[in-house]
Structures are given as structure tokens and as C-alpha cells.
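So the structure is just underneath, and the comments pick up after that.
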There are 2 protein chains.
Amino acid sequence: MKSLVEEISKFPFFKGLPDEQLGELARICIEQDYEKGREIFSEGEAAKGFYLVVSGKIKVYKLSLEGKEQILHIFDSGEMAGEVPVFAGGNYPANARAIEAVRVLFFPRVSFMELLNRTPSIAVSLLAVLSQRLRFFTHMIEDLSLKEVPGRLAAHLIYLGARSRHGNTLELDITKTQLASLLGTIPETLSRILARMAQQGIITVQGKKIRVLDREALEALAAGGKGLI
Amino acid sequence: MKSLVEEISKFPFFKGLPDEQLGELARICIEQDYEKGREIFSEGEAAKGFYLVVSGKIKVYKLSLEGKEQILHIFDSGEMAGEVPVFAGGNYPANARAIEAVRVLFFPRVSFMELLNRTPSIAVSLLAVLSQRLRFFTHMIEDLSLKEVPGRLAAHLIYLGARSRHGNTLELDITKTQLASLLGTIPETLSRILARMAQQGIITVQGKKIRVLDREALEALAAGGKGLI
DNA sequence: AAGAATCCTTGACTTGTATCAAAAATTCCG
DNA sequence: CGGAATTTTTGATACAAGTCAAGGATTCTT
């Protein structure tokens, strides 16, 4: 039980809460493991609760009728998934699947809402989490509708570069097919654009490793300049 | 002062709060009027607070470098705008402008957060609001990336039809240029597609009035079927 | 009501990207 | 390790939608 409290206290939205409340959270949550490829919840399903990712990765995605997949978000450890219907009511608005072995903490809706009503100060930090996700989606909508694929890719590479600082070499932790879906395109197109950027000396690609050679060119592309021939 | 409390109590997220808290809200908010076309806040600006729309309409939008505009949302009376940076910190992530004469209640960030910490039960209902907006954006991302323009238009017409029930005739309350931007396209394309749908007997267009003749065809389009010739 | 400004429509053209197909390269697992 | 499954790349083709341009229709303003 003690380690669970420690685990929970590491999550940004529960950080700084008094031990008593951490204990309450620990009491209502359930540890679960999903192996790679396992479905965690699916669109339209009645929401039973939400998930905190302890380790591993979850993709949240939508499917078109023809089966085309648009990834909305990839949740890494420390992030919260499936919380929308818990607060807004209704069903899960998308599907979630483990893209690698995943350990999560599951918070059942009913007991969490009960706790929330008893200790509403938790809600204030959750507001920040939801607001950040809203901001992320705002960017995503902008990218999908305003920029062409090279621009979206450039923006994403810059975003990745800002997170993990290993010189200017960055390692994708998802497949290129998944990256394509995240960018709202298809693997073929992504492959062609990566090749084009490499040929122009902007980047270098070796498997999942991408090295940025010309950051300025990348930034020009991300800013919307139609530059890639 | 009394009328302000009444005003506030009508907003879904403050409905059901005790009079005492409504009074506190009334005390910290400021009534403001914006004439049509006036800028309310702009992207990157430090967030001073958020807005509740009392009457009129606000568009929240992003601009590309070339000046192309993507409308993220049109806020009608009863809705809340600009709250993301209030809870998540930082700046406004988009621009906001009155598309008709607008009356708003402005809640300054600092005093609102102070109130929120004193009476955190308000936060619980705000969680629902943010979650609903997240769900809306989830749909929007799906539409933008998974469907072609006719599908997006069809989905939007169905959505409008569900809201205002005037037979099967519905009246746009925004310009077609704005609708185009909301759908992630340009006026020329929207015009062509409306004409095509009219020619196929699915709808009839007269100015801002659109009459739905063949709801099934519309639903087929919205569902993603590539049907429009 | 007249003029100005905006919005809407239509046409010809260009282009980015999806599709289909099939080979090459990785990764996965027994 | 070695074969299977997946992922990635490349090519040829098709088409949806954006761009540019210009005329027509509204709507706004004085």
C-alpha cells in the first residue's frame, strides 16, 4: 500500500496533496497490466473510470468507417487517459490500446467522483491537466488544417527535439506508421517526405533515429513557409 | 447587483451553486461590451482572465503566417471562452473576436483562482465544461483528418439540424466564409460542394437558409461514405 | 436609396497527397 | 538463428481541394 501512495504522489496532478488524500486515492484505485496490443477501452463504451499510466505507452485513436486510424494522442507514463467521460458523463469518445506493455492505475468513476465531492481541492489541479490537453488539441487542430504534411512533420520534430535533449539526434519511440497517423497522413507520404528532407540536407534518417542537420530549415517549414521541393 | 447574480446563475457551470457563492462570483466579475469585429484577446497575449458570453457571438481562431484563418469554435451566449490559460497558466493559445455585438462577463484570473481555492466545489462543475470541450475537439480532429470536405459539411449540417428544430430548414447564423473556416476549408470549395449537393437533390440553398431534402444521403456522407459525384 | 464594402459564386489551372501495388528492410518469436 | 509478420520504401496514377481571377450578389453604412 505504501508504494502505491508513493507512486501516486509522483503524478503532477496529485503532487503536493496531503498524505491523507493520497491515501484515499490509493484506496480507490486499482493496478492493472495490459500487454502490448491489448485494448484498454473503446469508443462508445460506457465509461467506468479513467487511467493513469505508470509505465509503458497507450495510444488513443479514432477509426473511420474504412478502418483508417487517426491517433489523437500517445500517453506516456505520468499521464492521464480516459478522463473526459468521467467528468462530462457519457461514453468514451475514442479507443485506447497499449502500444507496449503497460501498467496503469484505474480509478473507478463512481468512487472517484465521490472522493472529488468530499475533497474538491483535487479538482483544481485536474483543471490544469484538462486545460493543458485542450491547448494541445488546439495546436493539433491548427496543424491539421493550416499546414501541409512537411510543416506538420517539421513542427513535430521540433517538439520532440525540445523534449529529449540528446544533442540533435532524436529517437522515435513509436513506429513511423504511428507517427504518420499522429500527423494525419499515411506511411507512404511520411516516408517520401522524410526522404525529401534527407536529400535536402535538413535531416538524416537511420531507422528510428533522426538527426537534425539544419534546424533553421526545419523551423521555416514548421512556420508554414512552402519550402520543400 | 441582483440582476448580475441572476445572470450568473443561468450559466450551466454555475447553476446550482448556493447564493453565497453566486454573490462572490458576481463580486469579482466585470461586465464588458464589444461591438462587432472588436478583438477580445489575441494569441500569445498574457491571460488576464476568462469570459462568459451573455449575448452575441465570439469566434476563437488561429491564423497561419499567410493570414489564413482556422476557426476553432464559435461561442454563443451561455458559453465560456479563454479559460485554458487561466487554469493551465501561460498565454491565450488563440485569438478571439466578436462576430456580432457581444456582452460578456470577464473574470480576472487572480481573483477567480483565489475564489476557486476558497470554494473548490466550483472546480468540479468546471471540470465538466472542460471535458465537454475536449470531446468537441476530439470530434473536430477526427473530422478534419478522417473525412473529406463533403463529409465534414454533412456532419455539420446534421449537427445544426439537431440543435434548432425548424422543420428541416435551418438558418446559418454565421457567414459561409466562417463556416468554411470552421470546416477547415475555403469559401470557394464550400460553395462548390453546396452547389453539388443541391444539384443532387440533397439540399436546397437560398442565402443563409438551407433546407435538407434527403437526410439519409446526408447521413451517408457524414458517415464517411465517398458518395458525392 | 446609393455607394461601398463584403461575401459568394464560377471557371481554368496547379498541386499535394491518397491509392494501389509490389519490393526491400526491420522486427518479432519460436 | 531463421522464417514469419510487420514495417518501410519506391513507383505510377488519380483526384480532391487549393490558388488565382473576375463577375455577381448581398449586406452594411451614411
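All residue names refer to the C-alpha cells as shown: chains lettered A, B, ... in order, residues numbered from 1 in each chain, ligands numbered from 1 in order.
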
Check: Quick one: which residues from chain D are at most 9 Å off chain A, using only C-alpha atoms (C1' of nucleotides), as a ChimeraX atom specification?
Finding: /D:7-10

Item checked: chain C contacts on chain A, only C-alpha atoms (C1' of nucleotides), 9 Å, as a PyMOL selection string -> chain A and resi 148-149+185-186+189+207

Note to self: Taking 2 positions as the minimum chain separation for residues in the same chain, which residues sit within 12 Å of stretch 30-34 of chain B when counting only C-alpha atoms (C1' of nucleotides)? Answer as a PyMOL selection string.
What the structure shows: chain B and resi 1+3-4+7-8+25-28+36-41+49-58+96-109+111-112

Notebook entry, point to check: What is the atom CA of B:Gly184 to atom CA of A:Ala88 distance in Å?
Noted result: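 Going from atom CA of B:Gly184 over to atom CA of A:Ala88 covers 26.4 Å.
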
Margin query: With only C-alpha atoms considered, list every residue of chain A at most 7 Å from chain B, as a list in words.
Written below: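 That gives Lys62, Ser64, Leu65, Gln70, Val84, Phe87, Ala88, Pro93, Pro120, Ser121, Ala123, Val124, Leu127, Ala128, Leu130, Ser131, Gln132, Leu134, Arg135, Phe137, Ile141, Glu142, Leu144, Ser145, Leu146, Gly184, Ala223 and Gly224 of chain A for chain A.
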
Write a file of the selected residues as an mmCIF file, in the first residue's frame, keeping N, CA, C and O atoms.
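Listed below is the output, again.cif:
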data_model
loop_
_atom_site.group_PDB
_atom_site.id
_atom_site.type_symbol
_atom_site.label_atom_id
_atom_site.label_comp_id
_atom_site.auth_asym_id
_atom_site.auth_seq_id
_atom_site.Cartn_x
_atom_site.Cartn_y
_atom_site.Cartn_z
ATOM 1 N N LYS A 62 -9.025 7.311 -33.142
ATOM 2 C CA LYS A 62 -10.342 7.198 -33.755
ATOM 3 C C LYS A 62 -10.219 6.349 -35.001
ATOM 4 O O LYS A 62 -9.167 6.319 -35.643
ATOM 5 N N SER A 64 -12.044 5.517 -38.807
ATOM 6 C CA SER A 64 -13.067 5.855 -39.788
ATOM 7 C C SER A 64 -13.782 4.573 -40.183
ATOM 8 O O SER A 64 -13.364 3.477 -39.814
ATOM 9 N N LEU A 65 -14.863 4.736 -40.949
ATOM 10 C CA LEU A 65 -15.614 3.553 -41.377
ATOM 11 C C LEU A 65 -14.744 2.583 -42.163
ATOM 12 O O LEU A 65 -14.908 1.375 -42.075
ATOM 13 N N GLN A 70 -6.827 7.473 -36.914
ATOM 14 C CA GLN A 70 -6.209 8.752 -36.571
ATOM 15 C C GLN A 70 -5.857 8.720 -35.096
ATOM 16 O O GLN A 70 -6.738 8.657 -34.242
ATOM 17 N N VAL A 84 -12.258 12.219 -19.801
ATOM 18 C CA VAL A 84 -13.327 13.102 -20.281
ATOM 19 C C VAL A 84 -14.725 12.633 -19.854
ATOM 20 O O VAL A 84 -15.472 13.386 -19.243
ATOM 21 N N PHE A 87 -15.833 13.071 -16.141
ATOM 22 C CA PHE A 87 -16.297 14.375 -15.658
ATOM 23 C C PHE A 87 -17.496 14.890 -16.436
ATOM 24 O O PHE A 87 -18.343 15.585 -15.901
ATOM 25 N N ALA A 88 -17.566 14.584 -17.723
ATOM 26 C CA ALA A 88 -18.630 15.143 -18.558
ATOM 27 C C ALA A 88 -19.798 14.178 -18.711
ATOM 28 O O ALA A 88 -20.829 14.530 -19.265
ATOM 29 N N PRO A 93 -15.008 8.758 -25.852
ATOM 30 C CA PRO A 93 -15.137 9.312 -27.197
ATOM 31 C C PRO A 93 -14.122 8.739 -28.187
ATOM 32 O O PRO A 93 -14.123 9.137 -29.341
ATOM 33 N N PRO A 120 -12.787 18.543 -2.771
ATOM 34 C CA PRO A 120 -12.789 19.166 -4.096
ATOM 35 C C PRO A 120 -11.492 19.867 -4.456
ATOM 36 O O PRO A 120 -11.320 20.271 -5.606
ATOM 37 N N SER A 121 -10.564 19.971 -3.533
ATOM 38 C CA SER A 121 -9.319 20.644 -3.885
ATOM 39 C C SER A 121 -8.551 19.864 -4.951
ATOM 40 O O SER A 121 -7.750 20.419 -5.709
ATOM 41 N N ALA A 123 -9.835 18.778 -7.516
ATOM 42 C CA ALA A 123 -10.373 19.228 -8.799
ATOM 43 C C ALA A 123 -9.567 20.374 -9.390
ATOM 44 O O ALA A 123 -9.431 20.485 -10.610
ATOM 45 N N VAL A 124 -9.028 21.216 -8.544
ATOM 46 C CA VAL A 124 -8.305 22.379 -9.051
ATOM 47 C C VAL A 124 -7.091 21.956 -9.875
ATOM 48 O O VAL A 124 -6.825 22.488 -10.956
ATOM 49 N N LEU A 127 -8.126 20.600 -13.216
ATOM 50 C CA LEU A 127 -8.460 21.659 -14.179
ATOM 51 C C LEU A 127 -7.241 22.002 -15.025
ATOM 52 O O LEU A 127 -7.343 22.203 -16.236
ATOM 53 N N ALA A 128 -6.108 22.062 -14.384
ATOM 54 C CA ALA A 128 -4.885 22.394 -15.111
ATOM 55 C C ALA A 128 -4.559 21.317 -16.144
ATOM 56 O O ALA A 128 -4.183 21.623 -17.273
ATOM 57 N N LEU A 130 -6.625 19.202 -17.679
ATOM 58 C CA LEU A 130 -7.551 19.260 -18.811
ATOM 59 C C LEU A 130 -7.260 20.474 -19.678
ATOM 60 O O LEU A 130 -7.340 20.414 -20.907
ATOM 61 N N SER A 131 -6.897 21.574 -19.052
ATOM 62 C CA SER A 131 -6.609 22.784 -19.820
ATOM 63 C C SER A 131 -5.397 22.584 -20.715
ATOM 64 O O SER A 131 -5.368 23.036 -21.856
ATOM 65 N N GLN A 132 -4.398 21.881 -20.181
ATOM 66 C CA GLN A 132 -3.221 21.611 -20.998
ATOM 67 C C GLN A 132 -3.564 20.734 -22.188
ATOM 68 O O GLN A 132 -3.073 20.940 -23.289
ATOM 69 N N LEU A 134 -6.425 20.598 -23.631
ATOM 70 C CA LEU A 134 -7.157 21.452 -24.564
ATOM 71 C C LEU A 134 -6.198 22.257 -25.428
ATOM 72 O O LEU A 134 -6.393 22.424 -26.623
ATOM 73 N N ARG A 135 -5.169 22.743 -24.789
ATOM 74 C CA ARG A 135 -4.197 23.532 -25.533
ATOM 75 C C ARG A 135 -3.482 22.666 -26.574
ATOM 76 O O ARG A 135 -3.257 23.084 -27.699
ATOM 77 N N PHE A 137 -4.717 20.031 -28.059
ATOM 78 C CA PHE A 137 -5.648 19.786 -29.152
ATOM 79 C C PHE A 137 -5.802 21.028 -30.026
ATOM 80 O O PHE A 137 -5.981 20.922 -31.243
ATOM 81 N N ILE A 141 -5.333 20.865 -34.006
ATOM 82 C CA ILE A 141 -6.322 21.304 -34.991
ATOM 83 C C ILE A 141 -5.690 22.324 -35.927
ATOM 84 O O ILE A 141 -5.876 22.274 -37.142
ATOM 85 N N GLU A 142 -4.924 23.211 -35.350
ATOM 86 C CA GLU A 142 -4.235 24.203 -36.177
ATOM 87 C C GLU A 142 -3.335 23.507 -37.181
ATOM 88 O O GLU A 142 -3.347 23.805 -38.373
ATOM 89 N N LEU A 144 -3.409 20.377 -38.297
ATOM 90 C CA LEU A 144 -4.098 19.547 -39.278
ATOM 91 C C LEU A 144 -4.724 20.386 -40.375
ATOM 92 O O LEU A 144 -4.800 19.971 -41.515
ATOM 93 N N SER A 145 -5.188 21.580 -40.035
ATOM 94 C CA SER A 145 -5.954 22.318 -41.020
ATOM 95 C C SER A 145 -5.142 23.401 -41.703
ATOM 96 O O SER A 145 -5.446 23.807 -42.803
ATOM 97 N N LEU A 146 -4.108 23.880 -41.057
ATOM 98 C CA LEU A 146 -3.381 25.012 -41.608
ATOM 99 C C LEU A 146 -2.134 24.608 -42.368
ATOM 100 O O LEU A 146 -1.734 25.254 -43.310
ATOM 101 N N GLY A 184 -1.713 12.872 -39.133
ATOM 102 C CA GLY A 184 -2.875 12.926 -40.018
ATOM 103 C C GLY A 184 -2.543 12.582 -41.454
ATOM 104 O O GLY A 184 -3.142 13.107 -42.379
ATOM 105 N N ALA A 223 6.944 26.877 -39.639
ATOM 106 C CA ALA A 223 6.259 28.171 -39.596
ATOM 107 C C ALA A 223 5.319 28.351 -40.779
ATOM 108 O O ALA A 223 4.619 29.333 -40.857
ATOM 109 N N GLY A 224 5.325 27.395 -41.684
ATOM 110 C CA GLY A 224 4.346 27.460 -42.752
ATOM 111 C C GLY A 224 4.912 27.824 -44.098
ATOM 112 O O GLY A 224 4.198 27.814 -45.088
#
